[in-house]
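Novice: Next up, coords10.pdb (PDB, C-alpha atoms (C1' of nucleotides)).
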ATOM      1  CA  MET D 431       0.509  20.449 -43.524
ATOM      2  CA  THR D 432       2.655  20.905 -40.450
ATOM      3  CA  GLU D 433       5.570  18.741 -39.512
ATOM      4  CA  SER D 434       3.563  17.093 -36.751
ATOM      5  CA  GLU D 435       0.763  16.311 -39.157
ATOM      6  CA  SER D 436       3.018  14.569 -41.630
ATOM      7  CA  ALA D 437       4.547  12.702 -38.678
ATOM      8  CA  LEU D 438       1.057  11.491 -37.821
ATOM      9  CA  ARG D 439       0.620  10.196 -41.343
ATOM     10  CA  ARG D 440       3.942   8.449 -41.189
ATOM     11  CA  MET D 441       2.712   6.577 -38.134
ATOM     12  CA  GLY D 442      -0.192   5.291 -40.181
ATOM     13  CA  LEU D 443      -2.690   7.498 -38.378
ATOM     14  CA  ARG D 444      -5.442   9.402 -40.136
ATOM     15  CA  LEU D 445      -5.391  13.154 -40.094
ATOM     16  CA  THR D 446      -8.748  14.263 -38.765
ATOM     17  CA  PRO D 447      -9.864  17.829 -37.976
ATOM     18  CA  GLN D 448      -9.861  16.925 -34.279
ATOM     19  CA  ARG D 449      -6.298  15.702 -34.375
ATOM     20  CA  SER D 450      -5.224  18.782 -36.297
ATOM     21  CA  ALA D 451      -6.864  20.979 -33.695
ATOM     22  CA  ILE D 452      -5.240  19.175 -30.787
ATOM     23  CA  LEU D 453      -1.838  19.164 -32.456
ATOM     24  CA  GLY D 454      -2.241  22.847 -33.307
ATOM     25  CA  TYR D 455      -3.116  23.690 -29.723
ATOM     26  CA  LEU D 456      -0.186  21.760 -28.335
ATOM     27  CA  GLU D 457       2.318  23.096 -30.858
ATOM     28  CA  GLY D 458       4.555  25.565 -29.038
ATOM     29  CA  ASN D 459       2.328  25.417 -25.954
ATOM     30  CA  GLU D 460       4.412  25.689 -22.796
ATOM     31  CA  THR D 461       1.621  25.332 -20.246
ATOM     32  CA  HIS D 462       1.736  21.532 -20.074
ATOM     33  CA  PRO D 463      -2.034  21.104 -20.252
ATOM     34  CA  SER D 464      -3.994  18.117 -18.996
ATOM     35  CA  ALA D 465      -6.549  16.325 -21.167
ATOM     36  CA  GLY D 466      -9.315  18.347 -19.552
ATOM     37  CA  GLU D 467      -7.535  21.604 -20.252
ATOM     38  CA  VAL D 468      -7.028  20.715 -23.896
ATOM     39  CA  PHE D 469     -10.719  19.890 -24.107
ATOM     40  CA  GLN D 470     -11.787  23.195 -22.537
ATOM     41  CA  ALA D 471      -9.437  25.209 -24.715
ATOM     42  CA  LEU D 472     -10.760  23.703 -27.931
ATOM     43  CA  ARG D 473     -14.394  23.716 -26.930
ATOM     44  CA  ALA D 474     -15.156  27.143 -28.374
ATOM     45  CA  GLU D 475     -13.774  26.323 -31.812
ATOM     46  CA  HIS D 476     -14.875  22.686 -31.818
ATOM     47  CA  PRO D 477     -18.092  22.438 -29.806
ATOM     48  CA  THR D 478     -18.854  18.895 -30.879
ATOM     49  CA  MET D 479     -15.503  17.396 -29.983
ATOM     50  CA  ALA D 480     -15.836  14.777 -27.267
ATOM     51  CA  LEU D 481     -13.620  14.567 -24.229
ATOM     52  CA  ALA D 482     -13.054  10.915 -25.067
ATOM     53  CA  THR D 483     -11.622  11.978 -28.406
ATOM     54  CA  VAL D 484      -9.145  14.215 -26.641
ATOM     55  CA  TYR D 485      -8.064  11.310 -24.436
ATOM     56  CA  ASN D 486      -7.826   8.950 -27.390
ATOM     57  CA  THR D 487      -5.865  11.440 -29.446
ATOM     58  CA  LEU D 488      -3.437  12.296 -26.675
ATOM     59  CA  ARG D 489      -2.740   8.623 -26.147
ATOM     60  CA  CYS D 490      -2.095   8.197 -29.871
ATOM     61  CA  LEU D 491       0.264  11.146 -29.904
ATOM     62  CA  VAL D 492       2.184   9.802 -26.926
ATOM     63  CA  GLU D 493       2.492   6.365 -28.507
ATOM     64  CA  ALA D 494       3.598   7.982 -31.745
ATOM     65  CA  GLY D 495       6.275   9.839 -29.829
ATOM     66  CA  LEU D 496       4.992  13.261 -30.858
ATOM     67  CA  ILE D 497       4.340  14.461 -27.312
ATOM     68  CA  LEU D 498       5.381  13.459 -23.803
ATOM     69  CA  GLU D 499       3.189  12.709 -20.838
ATOM     70  CA  ILE D 500       4.387  13.968 -17.500
ATOM     71  CA  ARG D 501       3.163  12.974 -14.061
ATOM     72  CA  VAL D 502       4.012  15.501 -11.416
ATOM     73  CA  ALA D 503       0.690  16.257  -9.782
ATOM     74  CA  ALA D 504      -1.722  13.772  -8.279
ATOM     75  CA  GLY D 505      -4.883  12.987 -10.139
ATOM     76  CA  GLU D 506      -3.967  14.046 -13.617
ATOM     77  CA  VAL D 507      -1.554  13.552 -16.459
ATOM     78  CA  ASN D 508      -0.079  16.531 -18.255
ATOM     79  CA  TYR D 509       1.224  16.690 -21.797
ATOM     80  CA  ASP D 510       4.320  18.334 -23.191
ATOM     81  CA  PRO D 511       4.779  18.934 -26.936
ATOM     82  CA  ASP D 512       8.507  19.421 -26.416
ATOM     83  CA  THR D 513       9.966  15.962 -26.841
ATOM     84  CA  SER D 514      13.565  17.062 -26.531
ATOM     85  CA  THR D 515      15.549  16.174 -23.421
ATOM     86  CA  HIS D 516      14.657  18.556 -20.624
ATOM     87  CA  ASP D 517      13.483  18.614 -17.019
ATOM     88  CA  HIS D 518      10.512  20.145 -15.231
ATOM     89  CA  ALA D 519       9.882  22.299 -12.210
ATOM     90  CA  TYR D 520       6.496  21.966 -10.507
ATOM     91  CA  CYS D 521       5.089  24.660  -8.236
ATOM     92  CA  THR D 522       3.317  22.952  -5.361
ATOM     93  CA  ARG D 523       1.228  26.064  -4.703
ATOM     94  CA  CYS D 524      -0.119  27.138  -8.111
ATOM     95  CA  GLY D 525       0.417  23.879  -9.945
ATOM     96  CA  ARG D 526       2.253  25.376 -12.883
ATOM     97  CA  ILE D 527       4.906  23.310 -14.610
ATOM     98  CA  PHE D 528       8.037  24.951 -15.972
ATOM     99  CA  ASP D 529      10.483  23.628 -18.528
ATOM    100  CA  LEU D 530      14.116  23.383 -17.525
ATOM    101  CA  PRO D 531      17.131  22.707 -19.674
ATOM    102  CA  ARG D 532      18.848  19.542 -18.550
ATOM    103  CA  ALA D 533      22.386  20.163 -17.474
ATOM    104  CA  ALA D 534      25.057  18.131 -19.204
ATOM    105  CA  ALA D 535      26.043  16.415 -15.979
ATOM    106  CA  SER D 536      22.686  15.265 -14.722
ATOM    107  CA  GLY D 537      24.003  12.105 -13.211
ATOM    108  CA  PRO D 538      24.476   8.508 -14.290
ATOM    109  CA  GLU D 539      21.575   6.844 -16.025
ATOM    110  CA  ALA D 540      22.074   3.360 -14.698
ATOM    111  CA  GLY D 541      19.240   1.458 -13.080
ATOM    112  CA  PRO D 542      19.296  -1.733 -11.016
ATOM    113  CA  PRO D 543      21.322  -4.647 -12.431
ATOM    114  CA  GLY D 544      19.866  -5.726 -15.753
ATOM    115  CA  PHE D 545      17.548  -2.741 -16.018
ATOM    116  CA  SER D 546      17.245  -1.327 -19.518
ATOM    117  CA  VAL D 547      16.691   2.442 -19.325
ATOM    118  CA  GLU D 548      14.361   3.983 -21.892
ATOM    119  CA  SER D 549      14.080   7.492 -20.508
ATOM    120  CA  VAL D 550      14.918   9.562 -17.488
ATOM    121  CA  ARG D 551      12.621  12.111 -15.882
ATOM    122  CA  ARG D 552      13.629  14.708 -13.369
ATOM    123  CA  VAL D 553      11.272  17.039 -11.537
ATOM    124  CA  LEU D 554      12.005  19.841  -9.107
ATOM    125  CA  TYR D 555       9.229  20.443  -6.583
ATOM    126  CA  GLY D 556       8.941  23.794  -4.844
ATOM    127  CA  ARG D 557       7.517  27.299  -5.086
ATOM    128  CA  CYS D 558       7.652  29.378  -8.247
ATOM    129  CA  ALA D 559       8.754  33.022  -8.174
ATOM    130  CA  GLU D 560       5.164  34.241  -7.783
ATOM    131  CA  CYS D 561       4.313  31.833  -5.005
ATOM    132  CA  VAL D 562       7.487  32.035  -2.912
ATOM    133  CA  GLY D 563       6.699  33.635   0.418
ATOM    134  CA  LYS D 564       2.951  33.405   0.009
ATOM    135  CA  GLN D 565       1.138  31.425   2.660
ATOM    136  CA  LYS D 566      -0.596  28.082   2.482
TER     137      LYS D 566
ATOM    138  CA  MET P1187       6.814   1.868  20.504
ATOM    139  CA  THR P1188       8.705   2.158  17.251
ATOM    140  CA  GLU P1189      10.583   5.190  16.115
ATOM    141  CA  SER P1190       7.891   5.976  13.562
ATOM    142  CA  GLU P1191       5.220   5.766  16.203
ATOM    143  CA  SER P1192       6.901   8.227  18.492
ATOM    144  CA  ALA P1193       7.431  10.439  15.467
ATOM    145  CA  LEU P1194       3.683  10.342  14.930
ATOM    146  CA  ARG P1195       3.113  11.444  18.497
ATOM    147  CA  ARG P1196       5.564  14.258  18.091
ATOM    148  CA  MET P1197       3.500  15.509  15.175
ATOM    149  CA  GLY P1198       0.505  15.734  17.472
ATOM    150  CA  LEU P1199      -1.209  12.764  15.861
ATOM    151  CA  ARG P1200      -2.959  10.059  17.808
ATOM    152  CA  LEU P1201      -1.591   6.567  17.693
ATOM    153  CA  THR P1202      -4.456   4.342  16.640
ATOM    154  CA  PRO P1203      -4.284   0.606  15.910
ATOM    155  CA  GLN P1204      -4.923   1.362  12.238
ATOM    156  CA  ARG P1205      -2.031   3.775  12.042
ATOM    157  CA  SER P1206       0.242   1.315  13.804
ATOM    158  CA  ALA P1207      -0.739  -1.372  11.353
ATOM    159  CA  ILE P1208      -0.119   0.830   8.330
ATOM    160  CA  LEU P1209       3.189   2.051   9.692
ATOM    161  CA  GLY P1210       4.182  -1.492  10.502
ATOM    162  CA  TYR P1211       3.361  -2.685   7.028
ATOM    163  CA  LEU P1212       5.280   0.150   5.415
ATOM    164  CA  GLU P1213       8.319  -0.173   7.683
ATOM    165  CA  GLY P1214      11.096  -1.709   5.631
ATOM    166  CA  ASN P1215       8.720  -2.430   2.753
ATOM    167  CA  GLU P1216      10.468  -1.986  -0.575
ATOM    168  CA  THR P1217       7.528  -2.694  -2.856
ATOM    169  CA  HIS P1218       6.270   0.904  -2.994
ATOM    170  CA  PRO P1219       2.620  -0.033  -2.482
ATOM    171  CA  SER P1220      -0.362   2.041  -3.500
ATOM    172  CA  ALA P1221      -3.185   2.845  -1.094
ATOM    173  CA  GLY P1222      -5.202  -0.024  -2.488
ATOM    174  CA  GLU P1223      -2.329  -2.449  -2.013
ATOM    175  CA  VAL P1224      -1.846  -1.374   1.594
ATOM    176  CA  PHE P1225      -5.557  -1.901   2.150
ATOM    177  CA  GLN P1226      -5.518  -5.384   0.624
ATOM    178  CA  ALA P1227      -2.438  -6.395   2.551
ATOM    179  CA  LEU P1228      -3.931  -5.403   5.901
ATOM    180  CA  ARG P1229      -7.390  -6.720   5.216
ATOM    181  CA  ALA P1230      -6.761 -10.166   6.673
ATOM    182  CA  GLU P1231      -5.459  -8.845   9.986
ATOM    183  CA  HIS P1232      -7.771  -5.833  10.173
ATOM    184  CA  PRO P1233     -11.028  -6.748   8.465
ATOM    185  CA  THR P1234     -12.886  -3.667   9.668
ATOM    186  CA  MET P1235     -10.372  -1.140   8.483
ATOM    187  CA  ALA P1236     -11.854   1.143   5.852
ATOM    188  CA  LEU P1237     -10.132   2.064   2.629
ATOM    189  CA  ALA P1238     -10.824   5.690   3.461
ATOM    190  CA  THR P1239      -8.807   5.254   6.637
ATOM    191  CA  VAL P1240      -5.869   4.014   4.617
ATOM    192  CA  TYR P1241      -6.082   7.071   2.402
ATOM    193  CA  ASN P1242      -6.421   9.402   5.364
ATOM    194  CA  THR P1243      -3.536   7.800   7.185
ATOM    195  CA  LEU P1244      -1.223   7.810   4.203
ATOM    196  CA  ARG P1245      -1.912  11.495   3.679
ATOM    197  CA  CYS P1246      -1.142  12.166   7.341
ATOM    198  CA  LEU P1247       2.112  10.235   7.120
ATOM    199  CA  VAL P1248       3.156  12.124   4.006
ATOM    200  CA  GLU P1249       2.381  15.472   5.621
ATOM    201  CA  ALA P1250       4.269  14.392   8.722
ATOM    202  CA  GLY P1251       7.255  13.580   6.533
ATOM    203  CA  LEU P1252       7.335   9.939   7.599
ATOM    204  CA  ILE P1253       6.837   8.538   4.111
ATOM    205  CA  LEU P1254       7.154   9.794   0.551
ATOM    206  CA  GLU P1255       4.597   9.682  -2.201
ATOM    207  CA  ILE P1256       5.860   8.872  -5.657
ATOM    208  CA  ARG P1257       4.071   9.321  -8.931
ATOM    209  CA  VAL P1258       5.495   7.243 -11.696
ATOM    210  CA  ALA P1259       2.521   5.316 -13.021
ATOM    211  CA  ALA P1260      -0.730   6.754 -14.287
ATOM    212  CA  GLY P1261      -3.800   6.403 -12.160
ATOM    213  CA  GLU P1262      -2.278   5.812  -8.776
ATOM    214  CA  VAL P1263       0.070   7.148  -6.157
ATOM    215  CA  ASN P1264       2.661   4.906  -4.562
ATOM    216  CA  TYR P1265       4.240   5.267  -1.156
ATOM    217  CA  ASP P1266       7.828   4.852  -0.049
ATOM    218  CA  PRO P1267       8.794   4.514   3.618
ATOM    219  CA  ASP P1268      12.394   5.376   2.784
ATOM    220  CA  THR P1269      12.569   9.136   3.140
ATOM    221  CA  SER P1270      16.264   9.393   2.491
ATOM    222  CA  THR P1271      17.540  10.884  -0.747
ATOM    223  CA  HIS P1272      17.303   8.305  -3.497
ATOM    224  CA  ASP P1273      15.919   7.797  -6.993
ATOM    225  CA  HIS P1274      13.547   5.269  -8.538
ATOM    226  CA  ALA P1275      13.455   3.001 -11.548
ATOM    227  CA  TYR P1276      10.049   2.071 -12.925
ATOM    228  CA  CYS P1277       9.497  -0.978 -15.116
ATOM    229  CA  THR P1278       6.993  -0.043 -17.791
ATOM    230  CA  ARG P1279       6.093  -3.698 -18.321
ATOM    231  CA  CYS P1280       5.525  -5.131 -14.846
ATOM    232  CA  GLY P1281       5.009  -1.870 -12.991
ATOM    233  CA  ARG P1282       7.505  -2.588 -10.265
ATOM    234  CA  ILE P1283       9.389   0.304  -8.732
ATOM    235  CA  PHE P1284      13.012  -0.092  -7.667
ATOM    236  CA  ASP P1285      15.056   2.046  -5.322
ATOM    237  CA  LEU P1286      18.243   3.556  -6.621
ATOM    238  CA  PRO P1287      21.000   5.307  -4.741
ATOM    239  CA  ARG P1288      21.361   8.846  -5.971
ATOM    240  CA  ALA P1289      24.773   9.515  -7.379
ATOM    241  CA  ALA P1290      26.686  12.386  -5.866
ATOM    242  CA  ALA P1291      26.709  14.295  -9.137
ATOM    243  CA  SER P1292      23.059  14.180 -10.014
ATOM    244  CA  GLY P1293      23.025  17.576 -11.626
ATOM    245  CA  PRO P1294      22.293  21.127 -10.557
ATOM    246  CA  GLU P1295      19.179  21.658  -8.523
ATOM    247  CA  ALA P1296      18.291  25.085  -9.817
ATOM    248  CA  GLY P1297      14.828  25.820 -11.144
ATOM    249  CA  PRO P1298      13.576  28.788 -13.152
ATOM    250  CA  PRO P1299      14.550  32.265 -11.875
ATOM    251  CA  GLY P1300      13.096  32.823  -8.426
ATOM    252  CA  PHE P1301      12.034  29.188  -8.007
ATOM    253  CA  SER P1302      12.560  27.811  -4.518
ATOM    254  CA  VAL P1303      13.364  24.108  -4.710
ATOM    255  CA  GLU P1304      11.974  21.879  -1.971
ATOM    256  CA  SER P1305      12.828  18.485  -3.376
ATOM    257  CA  VAL P1306      14.083  16.776  -6.497
ATOM    258  CA  ARG P1307      12.701  13.559  -7.936
ATOM    259  CA  ARG P1308      14.360  11.452 -10.563
ATOM    260  CA  VAL P1309      12.837   8.405 -12.234
ATOM    261  CA  LEU P1310      14.300   6.010 -14.768
ATOM    262  CA  TYR P1311      11.710   4.417 -17.050
ATOM    263  CA  GLY P1312      12.483   1.163 -18.800
ATOM    264  CA  ARG P1313      12.427  -2.619 -18.500
ATOM    265  CA  CYS P1314      13.567  -4.471 -15.410
ATOM    266  CA  ALA P1315      15.884  -7.479 -15.633
ATOM    267  CA  GLU P1316      12.953  -9.895 -15.731
ATOM    268  CA  CYS P1317      11.048  -7.999 -18.393
ATOM    269  CA  VAL P1318      13.881  -7.087 -20.746
ATOM    270  CA  GLY P1319      13.438  -8.939 -24.007
ATOM    271  CA  LYS P1320       9.901 -10.035 -23.292
ATOM    272  CA  GLN P1321       7.295  -8.886 -25.727
ATOM    273  CA  LYS P1322       4.526  -6.314 -25.314
TER     274      LYS P1322
ATOM    275  C1'  DA V 771     -14.522  14.876  28.977
ATOM    276  C1'  DT V 772     -13.045  16.278  24.547
ATOM    277  C1'  DA V 773     -11.752  16.222  20.288
ATOM    278  C1'  DA V 774      -9.486  13.416  16.913
ATOM    279  C1'  DT V 775     -10.255   9.329  14.217
ATOM    280  C1'  DT V 776     -12.746   5.601  12.343
ATOM    281  C1'  DG V 777     -16.097   3.190   9.286
ATOM    282  C1'  DC V 778     -19.418   3.444   6.014
ATOM    283  C1'  DA V 779     -21.450   5.181   2.067
ATOM    284  C1'  DA V 780     -21.869   8.474  -1.252
ATOM    285  C1'  DA V 781     -19.706  11.478  -4.342
ATOM    286  C1'  DA V 782     -16.177  13.500  -7.119
ATOM    287  C1'  DG V 783     -12.484  13.361 -10.564
ATOM    288  C1'  DC V 784      -9.937  11.477 -14.238
ATOM    289  C1'  DT V 785      -9.774   8.039 -17.724
ATOM    290  C1'  DT V 786     -11.394   4.116 -20.459
ATOM    291  C1'  DT V 787     -14.656   1.440 -23.100
ATOM    292  C1'  DG V 788     -18.674  -0.125 -26.164
ATOM    293  C1'  DC V 789     -21.134   0.831 -29.973
ATOM    294  C1'  DA V 790     -23.339   2.965 -33.979
ATOM    295  C1'  DC V 791     -22.634   6.665 -37.074
ATOM    296  C1'  DG V 792     -19.656   9.414 -40.010
ATOM    297  C1'  DG V 793     -15.677  10.625 -42.582
ATOM    298  C1'  DA V 794     -10.615  10.017 -44.316
ATOM    299  C1'  DA V 795      -8.174   7.594 -47.638
TER     300       DA V 795
ATOM    301  C1'  DT I 172     -15.655   1.141 -50.443
ATOM    302  C1'  DT I 173     -13.239   0.312 -46.280
ATOM    303  C1'  DC I 174     -12.435   0.654 -41.807
ATOM    304  C1'  DC I 175     -10.461   4.068 -38.725
ATOM    305  C1'  DG I 176     -11.970   7.661 -35.798
ATOM    306  C1'  DT I 177     -15.664  10.293 -33.607
ATOM    307  C1'  DG I 178     -19.357  11.288 -30.390
ATOM    308  C1'  DC I 179     -22.106   9.881 -26.818
ATOM    309  C1'  DA I 180     -23.079   7.528 -22.744
ATOM    310  C1'  DA I 181     -21.941   4.364 -19.386
ATOM    311  C1'  DA I 182     -18.693   2.253 -16.607
ATOM    312  C1'  DG I 183     -14.155   1.791 -13.986
ATOM    313  C1'  DC I 184     -10.745   3.390 -10.784
ATOM    314  C1'  DT I 185      -8.580   6.042  -7.542
ATOM    315  C1'  DT I 186      -9.352   9.328  -4.151
ATOM    316  C1'  DT I 187     -12.109  12.531  -1.258
ATOM    317  C1'  DT I 188     -15.837  13.926   1.727
ATOM    318  C1'  DG I 189     -19.870  13.985   5.153
ATOM    319  C1'  DC I 190     -21.467  12.273   9.222
ATOM    320  C1'  DA I 191     -22.555   9.472  13.184
ATOM    321  C1'  DA I 192     -20.277   6.374  16.245
ATOM    322  C1'  DT I 193     -16.003   5.201  18.442
ATOM    323  C1'  DT I 194     -11.831   5.810  20.934
ATOM    324  C1'  DA I 195      -7.188   7.824  22.220
ATOM    325  C1'  DT I 196      -5.572  11.079  25.355
TER     326       DT I 196
END
Before anything else, please render the file you have as structure tokens.
Specialist:
Amino acid sequence: MTESESALRRMGLRLTPQRSAILGYLEGNETHPSAGEVFQALRAEHPTMALATVYNTLRCLVEAGLILEIRVAAGEVNYDPDTSTHDHAYCTRCGRIFDLPRAAASGPEAGPPGFSVESVRRVLYGRCAECVGKQK
Amino acid sequence: MTESESALRRMGLRLTPQRSAILGYLEGNETHPSAGEVFQALRAEHPTMALATVYNTLRCLVEAGLILEIRVAAGEVNYDPDTSTHDHAYCTRCGRIFDLPRAAASGPEAGPPGFSVESVRRVLYGRCAECVGKQK
DNA sequence: ATAATTGCAAAAGCTTTGCACGGAA
DNA sequence: TTCCGTGCAAAGCTTTTGCAATTAT
């Protein structure tokens, strides 16, 4: 059983084949897939898995703190299995999301008066190396 | 004619009553409304305005650089008439979005190798003063 | 006059929900 | 055995699109 799987159990969640598959796909995955992409990727190996199950599972995993959800593009939520502190760079042409180490001095984390900060997200928007200079 | 309106003209866009109304509603608005909220707010004064027009107009204004779109909550895009450099704080309980001045030292703005940065967004997630301590 | 823009309605995505069956513990 | 989780289908939302009629320039 992987570390993530035992973490699931610790959260009081059952370990089903579907959850194993989704966790296994996310593990070490740096593509920041959306729910739909996870579904497509697992379809070959798990033809009966429902898209709703993918959504349900991803929500569970987020609530359990095993993965992060990131919102950089309109119309979809992407998931990141790396829960350590880091930033993201989003290419506005190809849509890819890159991980970035967060610099030590990334600014004060103070909100408005009385605001209790739980997490800080930082996203760089621009063109990735492959898309720089290309039109449209 | 307001500054925003002449800016519209400069972009080669026509100045319609609907666009004036939307610009007027956004001007100085600090609530970061979604398209649906803009539509609801203008409904009384402009009963014939279509929701699609609101969406079209907001997209125009974003492309013209007159407003910013911000994505902090799932399922909707919010708009910010303040295009100056600043950050946001999002209350995960009540959903309100607050403006934050961006500190001078807000970290390096370098992406992956070859990445050309166009803009940087920073969001603090947490509980606002009114929601801190409240349950759920 | 001309072409952009609107309103309306339909459609397209993404995501959630209800419910009966099936499987993990 | 228990009841959580799955699959399926339907519904909910936000957003986009097609097209005829309207209107800014």
Novice: The coordinates of chain P, once least-squares superposed on chain D over all sequentially paired C-alpha atoms, should be supplied as a compact mmCIF listing (two decimals) with C-alpha atoms, keeping the file's coordinate frame.
Specialist:
# COMPACT_ATOMS: atom_id res chain seq x y z
CA MET P 1187 0.51 20.45 -43.53
CA THR P 1188 2.66 20.91 -40.46
CA GLU P 1189 5.58 18.76 -39.54
CA SER P 1190 3.58 17.11 -36.77
CA GLU P 1191 0.79 16.32 -39.16
CA SER P 1192 3.03 14.57 -41.63
CA ALA P 1193 4.57 12.74 -38.70
CA LEU P 1194 1.09 11.51 -37.83
CA ARG P 1195 0.64 10.22 -41.35
CA ARG P 1196 3.96 8.47 -41.20
CA MET P 1197 2.73 6.61 -38.14
CA GLY P 1198 -0.17 5.30 -40.17
CA LEU P 1199 -2.68 7.50 -38.37
CA ARG P 1200 -5.44 9.37 -40.11
CA LEU P 1201 -5.40 13.12 -40.06
CA THR P 1202 -8.76 14.21 -38.73
CA PRO P 1203 -9.86 17.77 -37.96
CA GLN P 1204 -9.87 16.90 -34.26
CA ARG P 1205 -6.31 15.67 -34.35
CA SER P 1206 -5.22 18.75 -36.27
CA ALA P 1207 -6.87 20.95 -33.70
CA ILE P 1208 -5.25 19.17 -30.78
CA LEU P 1209 -1.85 19.18 -32.44
CA GLY P 1210 -2.26 22.83 -33.28
CA TYR P 1211 -3.14 23.71 -29.73
CA LEU P 1212 -0.21 21.77 -28.34
CA GLU P 1213 2.31 23.11 -30.86
CA GLY P 1214 4.53 25.57 -29.03
CA ASN P 1215 2.31 25.44 -25.95
CA GLU P 1216 4.38 25.71 -22.79
CA THR P 1217 1.59 25.36 -20.25
CA HIS P 1218 1.71 21.55 -20.06
CA PRO P 1219 -2.06 21.13 -20.24
CA SER P 1220 -4.01 18.15 -18.99
CA ALA P 1221 -6.57 16.35 -21.16
CA GLY P 1222 -9.34 18.34 -19.55
CA GLU P 1223 -7.57 21.62 -20.23
CA VAL P 1224 -7.05 20.73 -23.89
CA PHE P 1225 -10.74 19.89 -24.11
CA GLN P 1226 -11.81 23.19 -22.54
CA ALA P 1227 -9.47 25.19 -24.71
CA LEU P 1228 -10.80 23.68 -27.93
CA ARG P 1229 -14.42 23.70 -26.93
CA ALA P 1230 -15.19 27.12 -28.38
CA GLU P 1231 -13.80 26.29 -31.81
CA HIS P 1232 -14.90 22.65 -31.84
CA PRO P 1233 -18.10 22.38 -29.84
CA THR P 1234 -18.84 18.82 -30.93
CA MET P 1235 -15.50 17.37 -30.01
CA ALA P 1236 -15.84 14.75 -27.29
CA LEU P 1237 -13.63 14.56 -24.24
CA ALA P 1238 -13.06 10.91 -25.07
CA THR P 1239 -11.62 11.98 -28.40
CA VAL P 1240 -9.15 14.21 -26.63
CA TYR P 1241 -8.07 11.32 -24.45
CA ASN P 1242 -7.81 8.97 -27.41
CA THR P 1243 -5.85 11.46 -29.45
CA LEU P 1244 -3.44 12.32 -26.68
CA ARG P 1245 -2.73 8.64 -26.15
CA CYS P 1246 -2.09 8.22 -29.88
CA LEU P 1247 0.27 11.19 -29.91
CA VAL P 1248 2.19 9.84 -26.93
CA GLU P 1249 2.51 6.41 -28.52
CA ALA P 1250 3.62 8.04 -31.76
CA GLY P 1251 6.30 9.90 -29.83
CA LEU P 1252 4.99 13.31 -30.84
CA ILE P 1253 4.33 14.50 -27.30
CA LEU P 1254 5.38 13.50 -23.80
CA GLU P 1255 3.20 12.74 -20.84
CA ILE P 1256 4.39 14.01 -17.49
CA ARG P 1257 3.17 13.01 -14.08
CA VAL P 1258 4.00 15.50 -11.42
CA ALA P 1259 0.66 16.27 -9.81
CA ALA P 1260 -1.74 13.79 -8.29
CA GLY P 1261 -4.91 12.99 -10.13
CA GLU P 1262 -4.00 14.03 -13.63
CA VAL P 1263 -1.57 13.57 -16.46
CA ASN P 1264 -0.09 16.56 -18.24
CA TYR P 1265 1.21 16.72 -21.78
CA ASP P 1266 4.31 18.37 -23.19
CA PRO P 1267 4.77 18.96 -26.92
CA ASP P 1268 8.50 19.45 -26.42
CA THR P 1269 9.96 15.99 -26.85
CA SER P 1270 13.55 17.07 -26.53
CA THR P 1271 15.55 16.19 -23.44
CA HIS P 1272 14.65 18.56 -20.64
CA ASP P 1273 13.49 18.60 -17.03
CA HIS P 1274 10.52 20.15 -15.24
CA ALA P 1275 9.89 22.29 -12.20
CA TYR P 1276 6.51 21.97 -10.52
CA CYS P 1277 5.10 24.66 -8.24
CA THR P 1278 3.34 22.94 -5.37
CA ARG P 1279 1.25 26.05 -4.71
CA CYS P 1280 -0.09 27.13 -8.10
CA GLY P 1281 0.43 23.87 -9.95
CA ARG P 1282 2.26 25.38 -12.87
CA ILE P 1283 4.90 23.32 -14.61
CA PHE P 1284 8.04 24.96 -15.98
CA ASP P 1285 10.50 23.64 -18.53
CA LEU P 1286 14.11 23.39 -17.53
CA PRO P 1287 17.14 22.70 -19.67
CA ARG P 1288 18.84 19.54 -18.54
CA ALA P 1289 22.37 20.15 -17.44
CA ALA P 1290 25.04 18.12 -19.16
CA ALA P 1291 26.03 16.39 -15.93
CA SER P 1292 22.66 15.22 -14.74
CA GLY P 1293 23.98 12.06 -13.18
CA PRO P 1294 24.46 8.46 -14.24
CA GLU P 1295 21.58 6.83 -16.00
CA ALA P 1296 22.08 3.33 -14.68
CA GLY P 1297 19.23 1.44 -13.07
CA PRO P 1298 19.30 -1.75 -11.01
CA PRO P 1299 21.33 -4.67 -12.42
CA GLY P 1300 19.87 -5.77 -15.73
CA PHE P 1301 17.55 -2.75 -16.00
CA SER P 1302 17.25 -1.34 -19.50
CA VAL P 1303 16.70 2.41 -19.33
CA GLU P 1304 14.38 3.96 -21.90
CA SER P 1305 14.09 7.45 -20.52
CA VAL P 1306 14.92 9.55 -17.50
CA ARG P 1307 12.62 12.09 -15.89
CA ARG P 1308 13.65 14.69 -13.39
CA VAL P 1309 11.29 17.03 -11.54
CA LEU P 1310 12.03 19.83 -9.11
CA TYR P 1311 9.25 20.44 -6.59
CA GLY P 1312 8.96 23.78 -4.86
CA ARG P 1313 7.54 27.29 -5.10
CA CYS P 1314 7.68 29.38 -8.25
CA ALA P 1315 8.79 33.01 -8.18
CA GLU P 1316 5.21 34.23 -7.79
CA CYS P 1317 4.34 31.83 -5.00
CA VAL P 1318 7.51 32.02 -2.92
CA GLY P 1319 6.72 33.65 0.39
CA LYS P 1320 2.98 33.41 0.01
CA GLN P 1321 1.17 31.45 2.64
CA LYS P 1322 -0.53 28.06 2.44
Novice: In terms of the shortest atom-to-atom distance over all atoms listed in the file, which of I:DT188, I:DT177, I:DT194, I:DT172 is closest to V:DA795?
Specialist: I:DT172
Novice: Might you spell out which residues the PyMOL selection byres ((chain V and resi 787) around 9) would select in the displayed file, as a PyMOL selection string?
Specialist: (chain V and resi 786+788) or (chain I and resi 181-182)
Novice: Output, as JSON, the centre and edge lengths in Å (one decimal) of the axis-aligned box that contains all listed atoms of stretch 779-784 of chain V with 5 Å of margin on each side.
Specialist:
{"center_x": -15.9, "center_y": 9.3, "center_z": -6.1, "size_x": 21.9, "size_y": 18.3, "size_z": 26.3}
